[in-house]
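> My structure file upload-v3.txt, compact mmCIF, C-alpha atoms and all ligand atoms, is below:
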# COMPACT_ATOMS: atom_id res chain seq x y z
CA MET A 14 -50.12 7.05 7.90
CA LYS A 15 -47.76 4.47 9.42
CA ASP A 16 -49.31 1.03 8.84
CA GLU A 17 -52.74 2.31 7.90
CA ASN A 18 -54.21 2.02 4.46
CA LEU A 19 -55.10 5.13 2.48
CA TRP A 20 -58.47 3.66 1.50
CA SER A 21 -59.53 2.87 5.07
CA LEU A 22 -58.39 6.09 6.81
CA ASP A 23 -61.21 7.85 8.66
CA VAL A 24 -61.58 11.34 7.20
CA GLU A 25 -63.06 12.60 10.49
CA LYS A 26 -59.93 11.69 12.42
CA THR A 27 -57.61 13.97 10.49
CA THR A 28 -57.20 17.59 11.51
CA SER A 29 -55.39 18.72 8.36
CA SER A 30 -57.73 20.40 5.89
CA THR A 31 -55.46 19.38 2.99
CA TRP A 32 -55.64 15.75 4.03
CA LYS A 33 -59.39 16.02 4.50
CA ALA A 34 -59.79 17.41 0.99
CA LEU A 35 -57.60 14.68 -0.48
CA LEU A 36 -59.30 11.89 1.42
CA SER A 37 -62.74 13.11 0.41
CA LEU A 38 -61.73 12.62 -3.24
CA ARG A 39 -60.89 8.94 -2.77
CA GLY A 40 -64.25 7.77 -4.10
CA LEU A 41 -63.74 9.76 -7.27
CA ALA A 42 -60.16 8.58 -7.78
CA ALA A 43 -60.99 4.94 -6.96
CA GLN A 44 -62.87 4.49 -10.22
CA PHE A 45 -59.66 5.21 -12.16
CA ILE A 46 -56.90 3.61 -10.06
CA ARG A 47 -56.07 0.01 -10.84
CA ALA A 48 -53.50 -2.07 -9.01
CA LYS A 49 -51.47 -4.09 -11.50
CA ILE A 50 -50.39 -7.30 -9.90
CA ARG A 51 -46.97 -8.81 -10.43
CA ASN A 52 -45.19 -9.97 -7.26
CA GLY A 53 -48.06 -8.75 -5.04
CA GLN A 54 -45.78 -7.14 -2.47
CA ARG A 55 -47.18 -3.59 -2.69
CA ILE A 56 -50.81 -4.28 -3.35
CA SER A 57 -53.30 -4.45 -0.49
CA PHE A 58 -55.29 -7.68 -0.68
CA TRP A 59 -58.46 -6.05 0.69
CA PHE A 60 -58.38 -2.41 -0.34
CA ASP A 61 -56.75 -2.16 -3.76
CA HIS A 62 -58.63 -2.76 -6.99
CA TRP A 63 -56.60 -5.67 -8.34
CA THR A 64 -59.28 -8.15 -9.45
CA PRO A 65 -62.33 -7.68 -11.68
CA LEU A 66 -64.41 -7.90 -8.48
CA GLY A 67 -63.22 -4.44 -7.36
CA PRO A 68 -61.71 -3.81 -3.91
CA LEU A 69 -62.42 -7.06 -2.06
CA ILE A 70 -63.35 -5.34 1.19
CA HIS A 71 -66.40 -3.95 -0.62
CA ARG A 72 -67.27 -7.34 -2.07
CA PHE A 73 -66.89 -9.31 1.17
CA GLY A 74 -67.68 -6.64 3.75
CA ASP A 75 -66.03 -6.24 7.13
CA LEU A 76 -66.26 -9.97 7.85
CA GLY A 77 -64.21 -10.79 4.74
CA PRO A 78 -60.85 -11.06 6.54
CA ARG A 79 -62.33 -13.60 8.93
CA GLU A 80 -64.16 -15.48 6.18
CA LEU A 81 -61.03 -15.93 4.07
CA SER A 82 -58.64 -15.95 7.02
CA ILE A 83 -56.58 -13.19 5.41
CA SER A 84 -55.50 -10.26 7.61
CA ILE A 85 -57.06 -6.85 6.86
CA SER A 86 -53.55 -5.41 6.39
CA ALA A 87 -52.26 -8.23 4.17
CA THR A 88 -50.63 -7.62 0.84
CA VAL A 89 -51.54 -9.94 -2.02
CA SER A 90 -48.16 -11.70 -1.69
CA GLU A 91 -49.02 -12.54 1.91
CA ALA A 92 -52.12 -14.37 0.75
CA CYS A 93 -50.16 -16.98 -1.20
CA THR A 94 -47.03 -19.12 -1.17
CA GLN A 95 -45.02 -20.49 -4.07
CA SER A 96 -47.36 -23.44 -4.22
CA GLY A 97 -50.73 -21.74 -4.07
CA TRP A 98 -53.21 -19.38 -2.41
CA LEU A 99 -53.76 -19.43 1.35
CA LEU A 100 -57.48 -18.82 1.19
CA ARG A 101 -59.98 -20.89 3.12
CA GLY A 102 -62.36 -23.01 1.04
CA ALA A 103 -65.05 -20.93 -0.65
CA ARG A 104 -68.05 -20.49 1.61
CA SER A 105 -69.91 -17.73 -0.23
CA PRO A 106 -70.66 -16.78 -3.85
CA ALA A 107 -68.12 -13.93 -3.56
CA ALA A 108 -65.44 -16.34 -2.35
CA GLU A 109 -66.25 -18.74 -5.18
CA GLU A 110 -65.91 -15.94 -7.73
CA LEU A 111 -62.60 -14.88 -6.24
CA GLN A 112 -61.21 -18.41 -6.18
CA THR A 113 -62.24 -18.88 -9.80
CA TYR A 114 -60.47 -15.68 -10.78
CA LEU A 115 -57.30 -16.53 -8.81
CA THR A 116 -56.92 -19.82 -10.64
CA SER A 117 -56.78 -17.85 -13.90
CA ILE A 118 -53.76 -15.65 -13.01
CA PRO A 119 -50.11 -16.57 -12.40
CA LEU A 120 -49.12 -16.90 -8.75
CA PRO A 121 -47.65 -13.53 -7.69
CA THR A 122 -44.92 -15.20 -5.62
CA LEU A 123 -43.40 -16.51 -8.83
CA SER A 124 -43.05 -13.06 -10.43
CA PRO A 125 -39.74 -11.21 -10.29
CA LYS A 126 -41.36 -7.87 -11.17
CA ASP A 127 -42.81 -5.21 -8.87
CA ASP A 128 -46.47 -4.27 -8.75
CA TYR A 129 -47.56 -0.91 -10.07
CA TYR A 130 -50.61 1.31 -10.05
CA ALA A 131 -52.20 2.63 -13.24
CA TRP A 132 -54.70 5.33 -14.09
CA GLU A 133 -57.32 3.65 -16.26
CA ILE A 134 -60.10 5.33 -18.17
CA GLU A 135 -62.84 3.13 -19.57
CA GLY A 136 -60.56 0.12 -19.69
CA THR A 137 -57.58 1.93 -21.23
CA GLU A 138 -54.41 2.32 -19.19
CA LEU A 139 -52.90 5.78 -19.63
CA ASN A 140 -49.13 6.24 -19.85
CA THR A 141 -49.46 9.70 -18.37
CA PHE A 142 -52.27 11.33 -16.41
CA SER A 143 -54.69 13.23 -18.64
CA THR A 144 -56.79 15.95 -17.02
CA ARG A 145 -58.86 16.31 -20.18
CA LYS A 146 -59.77 12.62 -20.47
CA THR A 147 -60.46 12.33 -16.75
CA TRP A 148 -62.63 15.45 -16.73
CA ASN A 149 -64.59 14.16 -19.70
CA VAL A 150 -65.51 11.06 -17.72
CA VAL A 151 -66.45 12.73 -14.42
CA ARG A 152 -68.24 15.83 -15.69
CA ASN A 153 -71.98 16.09 -16.07
CA ARG A 154 -73.11 15.98 -19.66
CA GLU A 155 -76.01 17.91 -21.05
CA GLU A 156 -77.23 18.44 -24.55
CA GLU A 157 -75.20 21.03 -26.44
CA LYS A 158 -76.91 24.44 -26.32
CA ASP A 159 -77.66 26.15 -29.61
CA TRP A 160 -75.43 29.08 -28.59
CA THR A 161 -72.39 26.94 -27.70
CA ARG A 162 -70.63 27.43 -31.00
CA ASN A 163 -71.20 31.18 -30.89
CA ILE A 164 -69.07 31.34 -27.77
CA TRP A 165 -66.53 28.55 -27.96
CA PHE A 166 -65.60 29.08 -31.61
CA LYS A 167 -62.09 28.57 -32.91
CA GLY A 168 -60.01 31.61 -32.03
CA HIS A 169 -62.25 32.83 -29.20
CA VAL A 170 -60.72 35.11 -26.59
CA PRO A 171 -60.88 33.04 -23.39
CA ARG A 172 -61.78 35.92 -21.05
CA GLN A 173 -64.58 37.19 -23.27
CA ALA A 174 -65.86 33.70 -24.03
CA PHE A 175 -66.01 32.90 -20.34
CA THR A 176 -67.98 36.08 -19.60
CA ALA A 177 -70.36 35.34 -22.48
CA TRP A 178 -70.81 31.79 -21.23
CA ILE A 179 -71.61 33.02 -17.70
CA ALA A 180 -73.99 35.64 -19.12
CA HIS A 181 -75.88 33.04 -21.14
CA GLN A 182 -76.50 31.07 -18.00
CA ASP A 183 -77.57 34.20 -16.13
CA ARG A 184 -74.82 33.77 -13.59
CA LEU A 185 -73.19 37.21 -13.90
CA PRO A 186 -72.78 38.99 -10.55
CA THR A 187 -75.42 41.62 -11.35
CA ARG A 188 -76.67 43.72 -8.44
CA THR A 189 -79.92 41.74 -8.07
CA ARG A 190 -77.89 38.53 -7.80
CA LEU A 191 -75.42 40.07 -5.34
CA ILE A 192 -78.36 41.10 -3.14
CA SER A 193 -79.77 37.57 -3.31
CA TRP A 194 -76.42 36.42 -1.89
CA GLY A 195 -76.92 38.75 1.08
CA MET A 196 -75.00 41.87 0.04
CA ASN A 197 -76.37 45.14 1.33
CA ILE A 198 -76.21 47.29 -1.82
CA SER A 199 -78.53 49.19 -4.11
CA SER A 200 -80.28 47.00 -6.69
CA SER A 201 -80.45 49.82 -9.27
CA CYS A 202 -78.77 49.46 -12.64
CA CYS A 203 -75.19 50.76 -12.54
CA LEU A 204 -75.77 52.59 -15.86
CA CYS A 205 -79.23 54.15 -15.76
CA ASN A 206 -79.93 53.89 -12.01
CA ARG A 207 -83.65 53.52 -12.78
CA VAL A 208 -84.59 49.87 -12.56
CA ASP A 209 -83.20 46.73 -11.02
CA GLU A 210 -79.94 45.56 -12.50
CA THR A 211 -80.56 42.14 -14.02
CA ARG A 212 -78.76 40.39 -16.84
CA THR A 213 -81.68 40.93 -19.21
CA HIS A 214 -81.97 44.61 -18.32
CA LEU A 215 -78.25 45.26 -18.78
CA PHE A 216 -77.98 43.56 -22.14
CA LEU A 217 -81.37 44.17 -23.71
CA GLN A 218 -83.35 46.91 -22.04
CA CYS A 219 -81.04 49.50 -20.49
CA LYS A 220 -81.47 52.75 -22.39
CA ILE A 221 -78.11 54.15 -21.31
CA ASN A 222 -76.38 51.05 -22.49
CA ARG A 223 -78.09 51.32 -25.89
CA LYS A 224 -77.30 55.01 -26.17
CA PHE A 225 -73.61 54.71 -25.53
CA GLY A 226 -73.14 51.25 -26.96
CA PHE A 227 -71.18 49.68 -24.17
CA TRP A 228 -69.21 46.58 -25.06
CA PHE A 229 -71.81 44.14 -23.89
CA CYS A 230 -74.42 45.63 -26.22
CA GLY A 231 -72.78 43.98 -29.20
CA ASP A 232 -72.82 40.38 -30.31
CA LEU A 233 -73.30 39.11 -26.81
CA GLY A 234 -76.52 41.06 -26.38
CA ILE A 235 -77.83 39.71 -29.67
CA LEU A 236 -76.94 36.16 -28.69
CA ILE A 237 -78.64 36.53 -25.34
CA ALA A 238 -81.69 38.08 -26.97
CA ARG A 239 -81.92 35.02 -29.18
CA SER A 240 -81.66 32.58 -26.33
CA THR A 241 -83.79 34.56 -23.87
CA LEU A 242 -86.52 35.80 -26.12
CA GLY A 243 -86.54 32.74 -28.34
ZN ZN A 301 -79.98 50.40 -16.90
Render the structure in this file as C-alpha cells.

Amino acid sequence: MKDENLWSLDVEKTTSSTWKALLSLRGLAAQFIRAKIRNGQRISFWFDHWTPLGPLIHRFGDLGPRELSISISATVSEACTQSGWLLRGARSPAAEELQTYLTSIPLPTLSPKDDYYAWEIEGTELNTFSTRKTWNVVRNREEEKDWTRNIWFKGHVPRQAFTAWIAHQDRLPTRTRLISWGMNISSSCCLCNRVDETRTHLFLQCKINRKFGFWFCGDLGILIARSTLG
C-alpha cells in the first residue's frame, strides 16, 4: 500500500482477488471501526472515523482538503500544534460543526498515549471481536417462523437441523431444482421414478417413500406438511 490509505484504495486497480474481496468489505467494516484519538499520530484526518461526524472526507467531499487546508494524507496530529488546530476559519456548516467538536476534545499533541482502533457495536466498544454480535447487527431480520423452534431446539443435531431448515425453505437440491440451475438430468423422483422430484413430492406424496419409511418421512415430513399445507 505504501503511502496510500486503505479507505481510498481503488478496488479496480488491484489484481489480487483476495485484496479485491477484502476491499469490497470496507463499507461493511466501516460501520464498526472507530479510531480512538490520543496523540493523533496514526489516525488519518480525512479517512478514519474519529469524530461524531464520521470520516471527514465523506462530510466535506473531495474539496475538503482544500477548504480546510489540510493535506489528504495528513494524520490528525499533523492538523494541530501544541497551541491549537491548524484549520482555516470555518466557511461551511460542516467546517463549523467540526470546529465546534474540536474545541471540546483535548489537543492530541499534548497526549503521551498512542491512538488505537476499536470495534464498536451500537456504541459499545468490544474488548475482543465477536462474530455473533457483529452478525446479529448485519444480518437481515425477519419475523420468526412458526416452525423455527421445531428445528433449532436445544440439543438439535446440527446436520439434521440444517437439512430440515433448508427443506422448510424449499431449497433442497431436488432434481427439479437442479434442472432449473441448468443440469441435464432426469427430473423423475429418485425413489418412485414416476413424477417430478420436488420437495413436496419427496416428503409428502411419494408412495415409495411412504412404503419404506425413509428417514425424511418422519418428523420433518410432518413439519413440512404443517407449513406447506397450512
Ligand atoms: Zn417419488
> Please find the residues contacting ligand ZN 301 (chain A) at a distance of at most 12 Å between atoms, with all atoms listed in the file counted, and report them as number ranges by chain.
A: 187-188, 200-225, 227, 230
> Would you mind telling me which residue in A:Gln112, A:Gln54, A:Asn149, A:Thr141 lies nearest to Pro125 of chain A when using only C-alpha atoms?
A:Gln54
> What does the distance between atom CA of Leu69 of chain A and atom CA of Lys126 of chain A come to in Å, to one decimal place?
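A separation of 23.0 Å between them.
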> Go ahead and find all residues with at least one atom no further than 6 Å from (-58.6, 8.7, -20.3) in the file's coordinates, using all atoms listed in the file; report them as a PyMOL selection string.
chain A and resi 134+146-147
> Report, in Å to a single decimal, how far apart atom CA of Thr116 of chain A and atom CA of Gly97 of chain A are.
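Result for atom CA of Gly97 of chain A versus atom CA of Thr116 of chain A: 9.2 Å, one decimal.
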> Return the single residue from A:Arg162, A:Arg55, A:Lys33, A:Arg152 that is closest to Ala174 of chain A, with distances computed using all atoms listed in the file.
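Using all atoms listed in the file, Ala174 of chain A sits closest to A:Arg162.
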> My list of candidates is A:Ser90, A:Gln44, A:Ser21, A:Ser84. Which is closest to Pro121 of chain A when distances are computed with all atoms listed in the file?
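Smallest separation from Pro121 of chain A among the options: A:Ser90.
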> Excluding Trp20 of chain A and residues on its chain fewer than 2 positions from it, collect all residues at most 10 Å away from it, counting all atoms listed in the file, and give them as a list of chain:residue names.
A:Glu17, A:Asn18, A:Leu22, A:Asp23, A:Leu36, A:Arg39, A:Gly40, A:Ala43, A:Ser57, A:Trp59, A:Phe60, A:Asp61, A:Pro68
> Report the distance between atom CA of Asp159 of chain A and atom CA of His181 of chain A in Å, rounded to one decimal place.
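Separating atom CA of Asp159 of chain A from atom CA of His181 of chain A is a distance of 11.1 Å.
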> Closest to Ala92 of chain A among A:Ala107, A:Leu76, A:Leu120, A:Val170, using all atoms listed in the file?
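Closest residue, counting all atoms listed in the file: A:Leu120.
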> Which of these residues is nearest to Pro106 of chain A, using only C-alpha atoms: A:Arg79, A:Arg172, A:Lys26, A:Arg72?
A:Arg72
> Could you check which of A:Ser105, A:Asn52, A:Gln173, A:Thr64 is closest to Thr88 of chain A, using only C-alpha atoms?
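Smallest separation from Thr88 of chain A among the options: A:Asn52.
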> Report as AutoDock Vina command-line options the centre and the edge lengths, in Å to one decimal, of the axis-aligned box holding every listed atom of segment 204-223 of chain A, padded by 4 Å on each side.

--center_x -80.2 --center_y 47.3 --center_z -18.5 --size_x 16.8 --size_y 21.8 --size_z 22.9
